[in-house]
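Undergrad: The file below is target09.cif, mmCIF, C-alpha atoms:
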```
data_protein
#
loop_
_atom_site.group_PDB
_atom_site.id
_atom_site.type_symbol
_atom_site.label_atom_id
_atom_site.label_comp_id
_atom_site.auth_asym_id
_atom_site.auth_seq_id
_atom_site.Cartn_x
_atom_site.Cartn_y
_atom_site.Cartn_z
ATOM 1 C CA MET A 35 19.662 -43.333 21.840
ATOM 2 C CA ALA A 36 16.923 -40.687 21.777
ATOM 3 C CA ARG A 37 15.586 -39.560 18.429
ATOM 4 C CA LEU A 38 15.096 -35.868 17.834
ATOM 5 C CA SER A 39 12.067 -34.611 16.004
ATOM 6 C CA LEU A 40 12.528 -32.315 13.028
ATOM 7 C CA PRO A 41 11.598 -29.125 14.975
ATOM 8 C CA ASP A 42 14.053 -30.105 17.736
ATOM 9 C CA ILE A 43 16.852 -30.426 15.205
ATOM 10 C CA PHE A 44 16.416 -26.861 13.963
ATOM 11 C CA ARG A 45 15.629 -25.261 17.316
ATOM 12 C CA ARG A 46 18.356 -22.914 18.473
ATOM 13 C CA ARG A 47 20.158 -23.981 21.587
ATOM 14 C CA PRO A 48 21.886 -21.631 24.037
ATOM 15 C CA ALA A 49 25.622 -21.264 23.648
ATOM 16 C CA GLU A 50 27.754 -23.692 25.658
ATOM 17 C CA GLY A 51 28.566 -22.495 29.175
ATOM 18 C CA THR A 52 25.857 -19.822 29.346
ATOM 19 C CA GLY A 53 22.652 -20.215 31.236
ATOM 20 C CA GLU A 54 20.671 -17.857 29.024
ATOM 21 C CA SER A 55 19.803 -17.949 25.373
ATOM 22 C CA GLY A 56 20.976 -14.381 24.797
ATOM 23 C CA PRO A 57 19.502 -10.907 25.040
ATOM 24 C CA PRO A 58 15.726 -10.670 24.823
ATOM 25 C CA THR A 59 14.441 -10.041 21.333
ATOM 26 C CA PRO A 60 12.584 -6.733 21.016
ATOM 27 C CA ALA A 61 8.953 -7.048 19.975
ATOM 28 C CA ARG A 62 8.356 -6.201 16.338
ATOM 29 C CA ALA A 63 5.890 -3.522 15.422
ATOM 30 C CA ARG A 64 2.997 -4.940 13.434
ATOM 31 C CA ARG A 65 2.868 -3.847 9.841
ATOM 32 C CA ILE A 66 -0.399 -2.359 8.724
ATOM 33 C CA PRO A 67 -1.799 -4.392 5.841
ATOM 34 C CA ALA A 68 -2.376 -2.774 2.479
ATOM 35 C CA PRO A 69 -5.777 -1.098 1.971
ATOM 36 C CA GLY A 70 -6.742 -3.729 -0.602
ATOM 37 C CA ALA A 71 -6.154 -6.543 1.893
ATOM 38 C CA LEU A 72 -8.136 -4.637 4.519
ATOM 39 C CA ARG A 73 -11.051 -4.182 2.112
ATOM 40 C CA ARG A 74 -11.031 -7.903 1.252
ATOM 41 C CA GLU A 75 -10.998 -8.832 4.936
ATOM 42 C CA ARG A 76 -13.826 -6.372 5.581
ATOM 43 C CA ARG A 77 -15.996 -7.876 2.815
ATOM 44 C CA ALA A 78 -15.412 -11.381 4.192
ATOM 45 C CA LEU A 79 -16.252 -10.254 7.739
ATOM 46 C CA VAL A 80 -19.440 -8.527 6.603
ATOM 47 C CA ARG A 81 -20.568 -11.752 4.900
ATOM 48 C CA THR A 82 -19.676 -13.765 8.006
ATOM 49 C CA ARG A 83 -21.503 -11.319 10.284
ATOM 50 C CA GLU A 84 -24.634 -11.493 8.124
ATOM 51 C CA GLU A 85 -24.522 -15.315 8.190
ATOM 52 C CA ARG A 86 -24.074 -15.348 11.979
ATOM 53 C CA ILE A 87 -26.984 -12.938 12.477
ATOM 54 C CA ARG A 88 -29.165 -15.098 10.217
ATOM 55 C CA ASP A 89 -28.095 -18.225 12.126
ATOM 56 C CA LEU A 90 -28.797 -16.464 15.421
ATOM 57 C CA GLY A 91 -32.336 -15.688 14.280
ATOM 58 C CA GLY A 92 -32.826 -19.309 13.194
ATOM 59 C CA LEU A 93 -31.501 -20.502 16.534
ATOM 60 C CA MET A 94 -33.975 -18.269 18.399
ATOM 61 C CA LEU A 95 -36.850 -19.519 16.243
ATOM 62 C CA GLU A 96 -35.899 -23.141 16.836
ATOM 63 C CA MET A 97 -35.610 -22.569 20.598
ATOM 64 C CA TYR A 98 -39.083 -20.999 20.593
ATOM 65 C CA ARG A 99 -40.555 -23.906 18.596
ATOM 66 C CA ARG A 100 -39.102 -26.501 20.952
ATOM 67 C CA ASP A 101 -39.763 -24.397 24.032
ATOM 68 C CA GLN A 102 -36.149 -24.992 25.123
ATOM 69 C CA PHE A 103 -34.527 -21.612 25.704
ATOM 70 C CA LYS A 104 -30.746 -21.853 26.315
ATOM 71 C CA GLN A 105 -29.424 -18.466 27.316
ATOM 72 C CA ASP A 106 -25.724 -19.486 27.416
ATOM 73 C CA LEU A 107 -25.864 -20.624 23.768
ATOM 74 C CA LEU A 108 -27.469 -17.330 22.711
ATOM 75 C CA ILE A 109 -24.905 -15.305 24.645
ATOM 76 C CA GLU A 110 -22.063 -17.249 23.003
ATOM 77 C CA GLN A 111 -23.483 -16.632 19.523
ATOM 78 C CA CYS A 112 -24.082 -12.932 20.271
ATOM 79 C CA LEU A 113 -20.513 -12.498 21.532
ATOM 80 C CA GLU A 114 -19.192 -13.915 18.251
ATOM 81 C CA VAL A 115 -21.227 -11.351 16.287
ATOM 82 C CA ILE A 116 -20.020 -8.551 18.572
ATOM 83 C CA SER A 117 -16.354 -9.596 18.139
ATOM 84 C CA ILE A 118 -16.809 -9.533 14.350
ATOM 85 C CA GLU A 119 -18.313 -6.041 14.576
ATOM 86 C CA GLU A 120 -15.380 -4.836 16.708
ATOM 87 C CA ARG A 121 -12.928 -6.093 14.086
ATOM 88 C CA LEU A 122 -14.975 -4.332 11.396
ATOM 89 C CA ARG A 123 -14.647 -1.073 13.353
ATOM 90 C CA GLU A 124 -10.860 -1.556 13.583
ATOM 91 C CA ILE A 125 -10.625 -2.153 9.836
ATOM 92 C CA ASP A 126 -12.760 0.924 9.131
ATOM 93 C CA GLU A 127 -10.406 3.042 11.272
ATOM 94 C CA LEU A 128 -7.345 1.696 9.436
ATOM 95 C CA LEU A 129 -8.957 2.360 6.054
ATOM 96 C CA GLU A 130 -9.886 5.887 7.120
ATOM 97 C CA ALA A 131 -6.295 6.542 8.232
ATOM 98 C CA ALA A 132 -4.997 5.309 4.861
ATOM 99 C CA ALA A 133 -7.476 7.519 3.005
ATOM 100 C CA GLU A 134 -6.465 10.511 5.129
ATOM 101 C CA GLN A 135 -2.810 9.944 4.240
ATOM 102 C CA ARG A 136 -3.697 9.917 0.546
ATOM 103 C CA ARG A 137 -5.764 13.103 0.907
ATOM 104 C CA GLU A 138 -2.936 14.897 2.704
ATOM 105 C CA GLY A 139 -0.698 14.223 -0.269
ATOM 106 C CA VAL A 140 2.125 12.415 1.458
ATOM 107 C CA GLY A 141 5.055 12.940 -0.880
ATOM 108 C CA VAL A 142 6.149 15.575 -3.363
ATOM 109 C CA ARG A 143 3.872 16.775 -6.140
ATOM 110 C CA CYS A 144 4.542 18.772 -9.293
ATOM 111 C CA THR A 145 2.770 22.059 -9.999
ATOM 112 C CA CYS A 146 0.457 20.086 -12.311
ATOM 113 C CA GLY A 147 -0.595 17.928 -9.320
ATOM 114 C CA ALA A 148 1.055 14.663 -10.373
ATOM 115 C CA PRO A 149 3.106 12.769 -7.767
ATOM 116 C CA ILE A 150 6.869 12.945 -8.234
ATOM 117 C CA GLN A 151 8.793 9.712 -7.805
ATOM 118 C CA TRP A 152 11.910 9.893 -5.648
ATOM 119 C CA GLY A 153 15.025 10.513 -7.724
ATOM 120 C CA SER A 154 13.109 11.841 -10.742
ATOM 121 C CA ASN A 155 14.437 14.809 -12.660
ATOM 122 C CA PHE A 156 11.276 15.422 -14.663
ATOM 123 C CA CYS A 157 7.558 15.178 -13.917
ATOM 124 C CA GLY A 158 6.132 12.007 -15.435
ATOM 125 C CA ASN A 159 2.881 13.803 -16.294
ATOM 126 C CA CYS A 160 3.865 17.179 -17.772
ATOM 127 C CA GLY A 161 7.649 16.889 -18.256
ATOM 128 C CA ARG A 162 8.570 19.904 -16.124
ATOM 129 C CA PRO A 163 12.033 19.773 -14.551
ATOM 130 C CA VAL A 164 11.941 18.828 -10.881
ATOM 131 C CA GLY A 165 14.442 19.876 -8.248
ATOM 132 C CA GLU A 166 16.452 22.854 -7.183
ATOM 133 C CA GLU A 167 18.776 23.068 -10.157
ATOM 134 C CA PRO A 168 17.543 23.120 -13.766
ATOM 135 C CA VAL A 169 17.927 19.862 -15.656
ATOM 136 C CA VAL A 170 18.350 19.112 -19.350
ATOM 137 C CA SER A 171 18.690 15.853 -21.216
ATOM 138 C CA CYS A 172 21.607 14.544 -23.247
ATOM 139 C CA PRO A 173 20.937 14.901 -26.992
ATOM 140 C CA ASN A 174 22.575 11.510 -27.630
ATOM 141 C CA CYS A 175 21.264 9.135 -24.928
ATOM 142 C CA GLY A 176 18.552 11.186 -23.188
ATOM 143 C CA THR A 177 20.080 10.950 -19.700
ATOM 144 C CA ALA A 178 19.104 13.791 -17.361
ATOM 145 C CA LEU A 179 21.948 16.263 -16.843
ATOM 146 C CA PRO A 180 22.439 19.393 -14.756
ATOM 147 C CA ALA A 181 21.895 22.531 -16.841
ATOM 148 C CA ASP A 182 25.543 23.598 -16.498
ATOM 149 C CA ALA A 183 26.990 20.228 -17.633
ATOM 150 C CA GLN A 184 29.629 20.270 -20.348
ATOM 151 C CA PHE A 185 29.552 16.507 -21.068
ATOM 152 C CA CYS A 186 27.073 13.689 -20.513
ATOM 153 C CA ALA A 187 28.071 11.554 -17.517
ATOM 154 C CA ASN A 188 26.514 8.473 -19.133
ATOM 155 C CA CYS A 189 27.852 8.468 -22.695
ATOM 156 C CA GLY A 190 30.465 11.269 -22.679
ATOM 157 C CA THR A 191 28.862 13.263 -25.496
ATOM 158 C CA PRO A 192 29.596 17.008 -25.321
ATOM 159 C CA VAL A 193 26.447 18.963 -24.507
ATOM 160 C CA PRO A 194 25.827 21.803 -27.000
ATOM 161 C CA GLU A 195 25.770 25.314 -25.538
ATOM 162 C CA SER A 196 22.166 25.934 -26.620
ATOM 163 C CA THR A 197 20.977 22.880 -24.656
ATOM 164 C CA SER A 198 23.017 23.572 -21.549
ATOM 165 C CA ALA A 199 22.233 27.294 -21.497
ATOM 166 C CA GLY A 200 18.461 27.089 -22.057
ATOM 167 C CA ASN A 201 15.797 25.884 -19.684
ATOM 168 C CA GLY A 202 13.021 23.382 -20.315
ATOM 169 C CA GLN A 203 10.416 25.991 -21.343
ATOM 170 C CA ASP A 204 12.668 27.587 -23.986
ATOM 171 C CA ASP A 205 13.590 24.165 -25.379
ATOM 172 C CA ALA A 206 9.926 23.229 -25.614
ATOM 173 C CA GLN A 207 9.117 26.514 -27.369
ATOM 174 C CA THR A 208 11.975 26.005 -29.816
ATOM 175 C CA MET A 209 10.830 22.463 -30.599
ATOM 176 C CA TYR A 210 7.261 23.715 -31.091
ATOM 177 C CA GLU A 211 8.417 26.440 -33.495
ATOM 178 C CA GLN A 212 10.514 23.925 -35.458
ATOM 179 C CA ALA A 213 7.509 21.599 -35.740
ATOM 180 C CA GLU A 214 5.332 24.460 -37.023
ATOM 181 C CA ARG A 215 7.885 25.393 -39.679
ATOM 182 C CA SER A 216 8.425 21.854 -40.907
ATOM 183 C CA GLY A 217 4.717 20.990 -40.861
ATOM 184 C CA ASP A 218 2.890 18.474 -38.755
ATOM 185 C CA PRO A 219 3.856 14.926 -39.830
ATOM 186 C CA TRP A 220 0.494 13.526 -38.686
ATOM 187 C CA GLU A 221 -1.552 15.878 -40.834
ATOM 188 C CA GLY A 222 -1.494 14.924 -44.335
#
```
Do you think you could lay out the structure here as structure tokens?

TA:
Amino acid sequence: MARLSLPDIFRRRPAEGTGESGPPTPARARRIPAPGALRRERRALVRTREERIRDLGGLMLEMYRRDQFKQDLLIEQCLEVISIEERLREIDELLEAAAEQRREGVGVRCTCGAPIQWGSNFCGNCGRPVGEEPVVSCPNCGTALPADAQFCANCGTPVPESTSAGNGQDDAQTMYEQAERSGDPWEG
């Protein structure tokens, strides 16, 4: 009886009665690595290139000392350095493309310039409402609500008319005026 190796055990076999293993698998598009991984690879390649260039110089010196010039060995070493430099150029192009995407501002930004996360109702930097319809928060649980909401969808608390009728700027002004009247709790 023939023994199967571990890879043979898990290898997929074609279905019984069919001559083919199925439809061809489409080639996957390569994912572009993160900029941090590209920068790490670039630093490692720069160190490797510098070592290879230093070794190439040492090899030339040693060939001169021994008066034994081997052109095929030099060409092989030079081709390695050139392949490293080509990969460095590729990485530089990928990093430049990533930087260009960041400069273009891919994504939505608030009027203050901060990026807006998908699904957010308020700007994380300045607190301005985001979106087409005005948004307020529930006085009980703080959940974001449409401005015309009667009740909170999260906790069921009725939304007071002053909260649902006003916009974010008026609410902020009202809170500021209340703080001025009551005095600043941090001054004292």

Undergrad: Kindly give the distance, in Å, that separates CA of Ile118 in chain A and CA of Val80 in chain A, rounded to a single decimal.

TA: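 CA of Val80 in chain A lies 8.2 Å from CA of Ile118 in chain A.
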
Undergrad: Mind giving me the straight-line distance from CA of Asn155 in chain A to CA of Pro180 in chain A in Å, one decimal?

TA: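 A separation of 9.5 Å between them.
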
Undergrad: Can you tell me, as a list in words, what residues are no more than 10 Å from range 103-115 of chain A when counting all atoms listed in the file, ignoring any on the same chain fewer than 3 positions away?

TA: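 Returned residues: Leu79, Thr82, Arg83, Glu84, Glu85, Arg86, Ile87, Asp89, Leu90, Gly91, Leu93, Met94, Leu95, Glu96, Met97, Tyr98, Arg99, Arg100, Ile118, Glu119 and Glu120 of chain A.
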
Undergrad: Let me make sure I understand: among A:Val142, A:Cys175, A:Leu72, A:Cys157, which one has the smallest atom-to-atom distance to Glu124 in chain A if we use all atoms listed in the file?

TA: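 For Glu124 in chain A, the nearest of the candidates is A:Leu72.
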
Undergrad: Which residues are near Arg74 in chain A? Cut-off 12 Å, all atoms listed in the file, ignore same chain within fewer than 5 positions. Put them as a count of residues only.

TA: 10

Undergrad: To one decimal in Å, tell me the separation between CA of Asn188 in chain A and CA of Gly176 in chain A.

TA: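 Going from CA of Asn188 in chain A over to CA of Gly176 in chain A, I get 9.3 Å.
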
Undergrad: Select, from A:Ser117, A:Asn159, A:Ser154, A:Thr191, the residue with the minimum atom-to-atom distance to Ala178 in chain A, counting all atoms listed in the file.

TA: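 Ranking A:Ser117, A:Asn159, A:Ser154, A:Thr191 by distance to Ala178 in chain A, first place goes to A:Ser154.
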
Undergrad: Tell me which residues come within 7 Å of (6.4, 17.2, -11.4), as a list in words, counting only C-alpha atoms in the file's coordinates.

TA: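 Selection result: Arg143, Cys144, Thr145, Cys146, Ala148, Pro149, Ile150, Phe156, Cys157, Gly158, Asn159, Cys160, Gly161, Arg162, Pro163 and Val164 of chain A.
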
Undergrad: Nearest residue to Ala181 in chain A out of A:Glu134, A:Glu75, A:Glu127, A:Glu195, using only C-alpha atoms?

TA: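 Looking at the shortest contact to Ala181 in chain A, the residue is A:Glu195.
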
Undergrad: Let me make sure I understand: among A:Ala131, A:Ala78, A:Ile116, A:Val193, which one has the smallest atom-to-atom distance to Leu179 in chain A if we use only C-alpha atoms?

TA: A:Val193

Undergrad: In terms of the shortest atom-to-atom distance over only C-alpha atoms, which of A:Cys189, A:Val170, A:Leu128, A:Ala133 is closest to Arg76 in chain A?

TA: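 For Arg76 in chain A, the nearest of the given residues is A:Leu128.
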
Undergrad: Grab all the atoms of range 94-98 of chain A that the file lists, wrap them in a box along x, y and z, add 5 Å per side, and give me centre plus edge lengths in Å (one decimal) as AutoDock Vina command-line options.

TA:
```
--center_x -36.5 --center_y -20.7 --center_z 18.4 --size_x 15.1 --size_y 14.9 --size_z 14.4
```

Undergrad: Take range 95-108 of chain A, bring it up to N, CA, C and O atoms, and give me the output as a tab-separated table (two decimals), keeping the file's coordinate frame.

TA:
```tsv
chain	number	residue	atom	x	y	z
A	95	LEU	N	-35.60	-18.94	16.72
A	95	LEU	CA	-36.85	-19.52	16.24
A	95	LEU	C	-36.96	-20.98	16.65
A	95	LEU	O	-38.02	-21.44	17.12
A	96	GLU	N	-35.88	-21.72	16.48
A	96	GLU	CA	-35.90	-23.14	16.84
A	96	GLU	C	-36.07	-23.33	18.34
A	96	GLU	O	-36.78	-24.25	18.78
A	97	MET	N	-35.43	-22.48	19.14
A	97	MET	CA	-35.61	-22.57	20.60
A	97	MET	C	-37.06	-22.28	20.98
A	97	MET	O	-37.62	-22.92	21.87
A	98	TYR	N	-37.69	-21.33	20.31
A	98	TYR	CA	-39.08	-21.00	20.59
A	98	TYR	C	-39.99	-22.17	20.22
A	98	TYR	O	-40.92	-22.50	20.95
A	99	ARG	N	-39.74	-22.77	19.04
A	99	ARG	CA	-40.56	-23.91	18.60
A	99	ARG	C	-40.49	-25.07	19.58
A	99	ARG	O	-41.48	-25.72	19.86
A	100	ARG	N	-39.28	-25.34	20.06
A	100	ARG	CA	-39.10	-26.50	20.95
A	100	ARG	C	-39.35	-26.16	22.41
A	100	ARG	O	-39.30	-27.04	23.27
A	101	ASP	N	-39.55	-24.87	22.67
A	101	ASP	CA	-39.76	-24.40	24.03
A	101	ASP	C	-38.60	-24.80	24.94
A	101	ASP	O	-38.79	-25.24	26.08
A	102	GLN	N	-37.37	-24.68	24.37
A	102	GLN	CA	-36.15	-24.99	25.12
A	102	GLN	C	-35.19	-23.81	24.97
A	102	GLN	O	-34.32	-23.82	24.10
A	103	PHE	N	-35.35	-22.81	25.79
A	103	PHE	CA	-34.53	-21.61	25.70
A	103	PHE	C	-33.21	-21.84	26.43
A	103	PHE	O	-33.19	-22.18	27.61
A	104	LYS	N	-32.08	-21.68	25.72
A	104	LYS	CA	-30.75	-21.85	26.32
A	104	LYS	C	-30.01	-20.52	26.20
A	104	LYS	O	-29.48	-20.17	25.16
A	105	GLN	N	-30.00	-19.81	27.30
A	105	GLN	CA	-29.42	-18.47	27.32
A	105	GLN	C	-27.92	-18.48	27.06
A	105	GLN	O	-27.41	-17.62	26.35
A	106	ASP	N	-27.18	-19.45	27.60
A	106	ASP	CA	-25.72	-19.49	27.42
A	106	ASP	C	-25.35	-19.67	25.95
A	106	ASP	O	-24.37	-19.09	25.47
A	107	LEU	N	-26.12	-20.44	25.20
A	107	LEU	CA	-25.86	-20.62	23.77
A	107	LEU	C	-26.11	-19.31	23.01
A	107	LEU	O	-25.32	-18.94	22.13
A	108	LEU	N	-27.19	-18.62	23.36
A	108	LEU	CA	-27.47	-17.33	22.71
A	108	LEU	C	-26.39	-16.30	23.01
A	108	LEU	O	-25.96	-15.56	22.14
```
